[in-house]
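Colleague: I'm passing along start12.cif; it holds mmCIF, C-alpha atoms and all ligand atoms; chains and numbers go by the auth columns.
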```
data_run
#
loop_
_atom_site.group_PDB
_atom_site.id
_atom_site.type_symbol
_atom_site.label_atom_id
_atom_site.label_comp_id
_atom_site.label_asym_id
_atom_site.label_seq_id
_atom_site.Cartn_x
_atom_site.Cartn_y
_atom_site.Cartn_z
_atom_site.B_iso_or_equiv
_atom_site.auth_seq_id
_atom_site.auth_asym_id
ATOM 1 C CA MET A 1 48.236 -26.584 55.825 0.00 1 A
ATOM 2 C CA SER A 2 44.703 -27.764 55.140 0.00 2 A
ATOM 3 C CA GLU A 3 43.891 -28.258 51.501 0.00 3 A
ATOM 4 C CA SER A 4 40.569 -28.670 49.757 0.00 4 A
ATOM 5 C CA PHE A 5 39.618 -30.129 46.419 0.00 5 A
ATOM 6 C CA LEU A 6 36.481 -30.296 44.320 0.00 6 A
ATOM 7 C CA VAL A 7 35.516 -33.309 42.207 0.00 7 A
ATOM 8 C CA ILE A 8 32.704 -32.755 39.703 0.00 8 A
ATOM 9 C CA ASP A 9 31.768 -36.051 38.033 0.00 9 A
ATOM 10 C CA ASP A 10 28.517 -37.899 37.369 0.00 10 A
ATOM 11 C CA SER A 11 30.123 -41.297 37.968 0.00 11 A
ATOM 12 C CA LYS A 12 29.827 -42.652 41.510 0.00 12 A
ATOM 13 C CA LEU A 13 32.575 -45.122 40.632 0.00 13 A
ATOM 14 C CA LEU A 14 34.918 -42.237 39.846 0.00 14 A
ATOM 15 C CA HIS A 15 33.991 -40.608 43.162 0.00 15 A
ATOM 16 C CA GLN A 16 35.126 -43.799 44.894 0.00 16 A
ATOM 17 C CA MET A 17 38.377 -43.766 42.989 0.00 17 A
ATOM 18 C CA TYR A 18 39.088 -40.128 43.932 0.00 18 A
ATOM 19 C CA ARG A 19 38.178 -40.955 47.534 0.00 19 A
ATOM 20 C CA LEU A 20 40.745 -43.746 47.555 0.00 20 A
ATOM 21 C CA ILE A 21 43.469 -41.604 45.983 0.00 21 A
ATOM 22 C CA PHE A 22 42.800 -38.715 48.359 0.00 22 A
ATOM 23 C CA SER A 23 43.003 -41.016 51.377 0.00 23 A
ATOM 24 C CA GLN A 24 46.634 -41.872 50.682 0.00 24 A
ATOM 25 C CA GLY A 25 49.994 -40.263 51.375 0.00 25 A
ATOM 26 C CA ASP A 26 50.122 -36.546 52.063 0.00 26 A
ATOM 27 C CA LEU A 27 46.646 -36.092 50.583 0.00 27 A
ATOM 28 C CA ALA A 28 45.078 -37.869 53.571 0.00 28 A
ATOM 29 C CA GLY A 29 43.293 -35.334 55.739 0.00 29 A
ATOM 30 C CA SER A 30 42.490 -32.949 52.932 0.00 30 A
ATOM 31 C CA THR A 31 38.911 -31.903 52.339 0.00 31 A
ATOM 32 C CA ILE A 32 37.172 -33.052 49.170 0.00 32 A
ATOM 33 C CA HIS A 33 33.857 -31.714 47.965 0.00 33 A
ATOM 34 C CA TYR A 34 31.887 -33.865 45.522 0.00 34 A
ATOM 35 C CA ALA A 35 29.285 -32.927 42.936 0.00 35 A
ATOM 36 C CA THR A 36 27.458 -35.318 40.633 0.00 36 A
ATOM 37 C CA ASN A 37 26.520 -32.918 37.856 0.00 37 A
ATOM 38 C CA GLY A 38 27.728 -29.653 36.376 0.00 38 A
ATOM 39 C CA ARG A 39 25.101 -27.443 37.961 0.00 39 A
ATOM 40 C CA GLU A 40 25.800 -28.735 41.454 0.00 40 A
ATOM 41 C CA GLY A 41 29.518 -28.479 40.741 0.00 41 A
ATOM 42 C CA TYR A 42 29.250 -24.872 39.694 0.00 42 A
ATOM 43 C CA GLY A 43 27.444 -24.113 42.950 0.00 43 A
ATOM 44 C CA LEU A 44 30.193 -25.755 45.005 0.00 44 A
ATOM 45 C CA LEU A 45 32.880 -23.951 43.037 0.00 45 A
ATOM 46 C CA ALA A 46 31.154 -20.644 43.721 0.00 46 A
ATOM 47 C CA ALA A 47 30.871 -21.499 47.430 0.00 47 A
ATOM 48 C CA HIS A 48 34.552 -22.386 47.893 0.00 48 A
ATOM 49 C CA PRO A 49 36.971 -19.709 46.679 0.00 49 A
ATOM 50 C CA ASP A 50 40.080 -21.297 48.203 0.00 50 A
ATOM 51 C CA LEU A 51 40.184 -24.706 46.504 0.00 51 A
ATOM 52 C CA THR A 52 43.624 -26.116 45.749 0.00 52 A
ATOM 53 C CA LEU A 53 42.467 -27.885 42.599 0.00 53 A
ATOM 54 C CA VAL A 54 39.251 -28.814 40.785 0.00 54 A
ATOM 55 C CA PHE A 55 38.661 -31.994 38.761 0.00 55 A
ATOM 56 C CA LEU A 56 35.882 -31.337 36.264 0.00 56 A
ATOM 57 C CA ASP A 57 34.428 -34.174 34.196 0.00 57 A
ATOM 58 C CA LEU A 58 33.659 -33.306 30.583 0.00 58 A
ATOM 59 C CA ASN A 59 30.592 -35.476 29.985 0.00 59 A
ATOM 60 C CA MET A 60 27.859 -34.805 32.539 0.00 60 A
ATOM 61 C CA PRO A 61 24.138 -34.092 32.725 0.00 61 A
ATOM 62 C CA GLU A 62 22.705 -30.654 33.601 0.00 62 A
ATOM 63 C CA MET A 63 25.798 -28.669 32.587 0.00 63 A
ATOM 64 C CA ASN A 64 28.736 -30.419 30.953 0.00 64 A
ATOM 65 C CA GLY A 65 32.313 -29.681 31.943 0.00 65 A
ATOM 66 C CA LEU A 66 32.922 -27.198 29.162 0.00 66 A
ATOM 67 C CA GLU A 67 29.795 -25.252 30.115 0.00 67 A
ATOM 68 C CA VAL A 68 30.836 -25.109 33.765 0.00 68 A
ATOM 69 C CA LEU A 69 34.331 -24.013 32.801 0.00 69 A
ATOM 70 C CA ALA A 70 33.216 -21.389 30.301 0.00 70 A
ATOM 71 C CA ARG A 71 30.696 -19.932 32.738 0.00 71 A
ATOM 72 C CA ALA A 72 33.170 -19.850 35.631 0.00 72 A
ATOM 73 C CA ARG A 73 35.822 -18.140 33.544 0.00 73 A
ATOM 74 C CA ALA A 74 33.403 -15.721 31.857 0.00 74 A
ATOM 75 C CA GLU A 75 32.184 -14.630 35.287 0.00 75 A
ATOM 76 C CA ARG A 76 35.780 -14.485 36.543 0.00 76 A
ATOM 77 C CA LEU A 77 34.773 -16.853 39.306 0.00 77 A
ATOM 78 C CA HIS A 78 37.855 -17.653 41.427 0.00 78 A
ATOM 79 C CA SER A 79 40.088 -17.367 38.389 0.00 79 A
ATOM 80 C CA HIS A 80 43.117 -18.273 40.564 0.00 80 A
ATOM 81 C CA VAL A 81 41.701 -21.777 41.178 0.00 81 A
ATOM 82 C CA PRO A 82 43.160 -24.302 38.711 0.00 82 A
ATOM 83 C CA ILE A 83 40.549 -26.442 36.957 0.00 83 A
ATOM 84 C CA VAL A 84 41.504 -29.750 35.321 0.00 84 A
ATOM 85 C CA LEU A 85 39.138 -30.943 32.604 0.00 85 A
ATOM 86 C CA VAL A 86 38.753 -34.730 32.814 0.00 86 A
ATOM 87 C CA THR A 87 38.230 -36.221 29.377 0.00 87 A
ATOM 88 C CA THR A 88 38.233 -39.504 27.503 0.00 88 A
ATOM 89 C CA GLU A 89 40.486 -40.792 24.773 0.00 89 A
ATOM 90 C CA SER A 90 38.314 -39.509 21.947 0.00 90 A
ATOM 91 C CA SER A 91 37.841 -35.904 23.010 0.00 91 A
ATOM 92 C CA GLU A 92 40.894 -34.098 21.672 0.00 92 A
ATOM 93 C CA ASP A 93 38.769 -31.295 20.234 0.00 93 A
ATOM 94 C CA ASP A 94 37.148 -30.797 23.623 0.00 94 A
ATOM 95 C CA GLU A 95 40.550 -30.730 25.316 0.00 95 A
ATOM 96 C CA ALA A 96 41.694 -27.958 23.007 0.00 96 A
ATOM 97 C CA ARG A 97 38.430 -26.102 23.550 0.00 97 A
ATOM 98 C CA GLY A 98 38.785 -26.557 27.300 0.00 98 A
ATOM 99 C CA LEU A 99 42.280 -25.096 27.330 0.00 99 A
ATOM 100 C CA ALA A 100 41.054 -22.220 25.163 0.00 100 A
ATOM 101 C CA VAL A 101 38.303 -21.309 27.631 0.00 101 A
ATOM 102 C CA GLY A 102 40.607 -21.508 30.626 0.00 102 A
ATOM 103 C CA ALA A 103 41.205 -25.076 31.767 0.00 103 A
ATOM 104 C CA TRP A 104 44.511 -25.265 33.610 0.00 104 A
ATOM 105 C CA ASP A 105 45.168 -28.725 32.180 0.00 105 A
ATOM 106 C CA TYR A 106 43.294 -31.816 31.116 0.00 106 A
ATOM 107 C CA LEU A 107 43.411 -35.396 32.352 0.00 107 A
ATOM 108 C CA ARG A 108 42.370 -38.414 30.320 0.00 108 A
ATOM 109 C CA LYS A 109 40.423 -41.331 31.723 0.00 109 A
ATOM 110 C CA PRO A 110 41.398 -43.892 32.710 0.00 110 A
ATOM 111 C CA PHE A 111 43.911 -42.155 34.954 0.00 111 A
ATOM 112 C CA GLN A 112 46.255 -43.478 37.621 0.00 112 A
ATOM 113 C CA PRO A 113 46.766 -42.241 41.192 0.00 113 A
ATOM 114 C CA ALA A 114 50.185 -40.917 40.106 0.00 114 A
ATOM 115 C CA ASP A 115 48.472 -38.630 37.551 0.00 115 A
ATOM 116 C CA ILE A 116 46.358 -37.048 40.286 0.00 116 A
ATOM 117 C CA GLN A 117 49.357 -36.752 42.618 0.00 117 A
ATOM 118 C CA ARG A 118 51.408 -35.045 39.910 0.00 118 A
ATOM 119 C CA LEU A 119 48.656 -32.512 39.223 0.00 119 A
ATOM 120 C CA VAL A 120 48.322 -31.815 42.954 0.00 120 A
ATOM 121 C CA ARG A 121 52.078 -31.182 43.234 0.00 121 A
ATOM 122 C CA ARG A 122 51.894 -28.730 40.342 0.00 122 A
ATOM 123 C CA ALA A 123 48.892 -26.978 41.892 0.00 123 A
ATOM 124 C CA ARG A 124 50.819 -26.610 45.155 0.00 124 A
ATOM 125 C CA GLU A 125 53.756 -25.106 43.288 0.00 125 A
ATOM 126 C CA LEU A 126 51.341 -22.687 41.649 0.00 126 A
ATOM 127 C CA ARG A 127 50.029 -21.596 45.062 0.00 127 A
ATOM 128 C CA ARG A 128 53.522 -21.215 46.472 0.00 128 A
ATOM 129 C CA GLY A 129 54.482 -19.123 43.447 0.00 129 A
ATOM 130 C CA ARG A 130 51.583 -16.832 44.273 0.00 130 A
ATOM 131 C CA GLY A 131 52.506 -16.664 47.932 0.00 131 A
ATOM 132 C CA ALA A 132 49.211 -18.233 48.936 0.00 132 A
ATOM 133 C CA ALA A 133 50.525 -21.287 50.768 0.00 133 A
HETATM 134 MG MG MG B . 30.790 -38.290 32.997 0.00 201 A
#
```
If you took the structure in this file and wrote it as structure tokens, what would it be?

Modeller:
Amino acid sequence: MSESFLVIDDSKLLHQMYRLIFSQGDLAGSTIHYATNGREGYGLLAAHPDLTLVFLDLNMPEMNGLEVLARARAERLHSHVPIVLVTTESSEDDEARGLAVGAWDYLRKPFQPADIQRLVRRARELRRGRGAA
């Protein structure tokens, strides 16, 4: 089974970290799309309806993570695709807001590879539950 992921984050350093995590274990060989701002990320989300999981940074130029999320959900864009809002320690209000507008979960920076792997396992279970895998 070929899986694909979308990382939307304005930090090139974070892109490198995702790249490393997605090169290991059973994630190796999966396809990862990268965007460096919310607008670009929204475009990639729209272009790829069959993503396994999306990692969406909260703080970004152009459109922030909450704007991307709210727009995607309001337009019912691939509503079956789970979107994880990636936040920082001090953004509890934004986490609650994110969940309210349709984030599947949130992930706080700094995160560990195991956090990503756990979210991927849950996303796979979600797909299996829907008979999509
Ligand atoms: Mg950021």

Colleague: Convert the output of the PyMOL selection byres (((chain A and resi 39-54) around 10) and not hetatm) on the shown file into explicit residues, formatted as a ChimeraX atom specification.

Modeller: /A:2-9,30-38,55-57,60-65,67-69,71-72,77-86,103-104,119-120,122-124,126-127,132-133

Colleague: Kindly indicate which residue among A:Ser23, A:Lys109, A:Ala74, A:Gly131 lies nearest to ligand MG 201 (chain A), using only C-alpha atoms and all ligand atoms for the distances.

Modeller: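 Distance minimum relative to ligand MG 201 (chain A) lands on A:Lys109.
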
Colleague: Kindly indicate which residue among A:Glu92, A:Gly25, A:Asn59, A:Gln112 lies nearest to ligand MG 201 (chain A), using only C-alpha atoms and all ligand atoms for the distances.

Modeller: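 Among the listed residues, A:Asn59 lies closest to ligand MG 201 (chain A).
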
Colleague: Figure out the distance between atom CA of Val101 of chain A and atom CA of Ala70 of chain A, please, to one decimal in Å.

Modeller: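 Calculated distance between atom CA of Ala70 of chain A and atom CA of Val101 of chain A is 5.7 Å.
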
Colleague: Give the centre and edge lengths of an axis-aligned box, in Å to one decimal, that holds all listed atoms of segment 112-130 of chain A with 4 Å on each side, as AutoDock Vina command-line options.

Modeller:
```
--center_x 50.4 --center_y -30.2 --center_z 42.0 --size_x 16.2 --size_y 34.6 --size_z 16.9
```

Colleague: Looking at A:Ala28, A:Thr88, A:Arg76, A:Tyr18, which one is nearest to ligand MG 201 (chain A), with distances taken over all atoms listed in the file?

Modeller: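 Among the listed residues, A:Thr88 lies closest to ligand MG 201 (chain A).
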
Colleague: So the first atom is atom CA of Leu20 of chain A and the second is atom CA of Pro113 of chain A; what is the distance between them in Å, to one decimal place?

Modeller: 8.9 Å

Colleague: Could you state the separation of atom CA of Arg130 of chain A and atom CA of Leu66 of chain A in Å, given to one decimal place?

Modeller: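 For atom CA of Arg130 of chain A relative to atom CA of Leu66 of chain A, the distance reads 26.2 Å.
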
Colleague: Restricting the calculation to only C-alpha atoms and all ligand atoms, which member of A:Leu58, A:Ala114, A:Ala96, A:Leu13 is positioned closest to ligand MG 201 (chain A)?

Modeller: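 Nearest to ligand MG 201 (chain A): A:Leu58.
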
Colleague: Smallest atom-to-atom distance to ligand MG 201 (chain A): which of A:Arg97, A:Arg19, A:Arg108, A:Arg73, using all atoms listed in the file?

Modeller: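 Going through A:Arg97, A:Arg19, A:Arg108, A:Arg73 one by one, the smallest distance to ligand MG 201 (chain A) is for A:Arg108.
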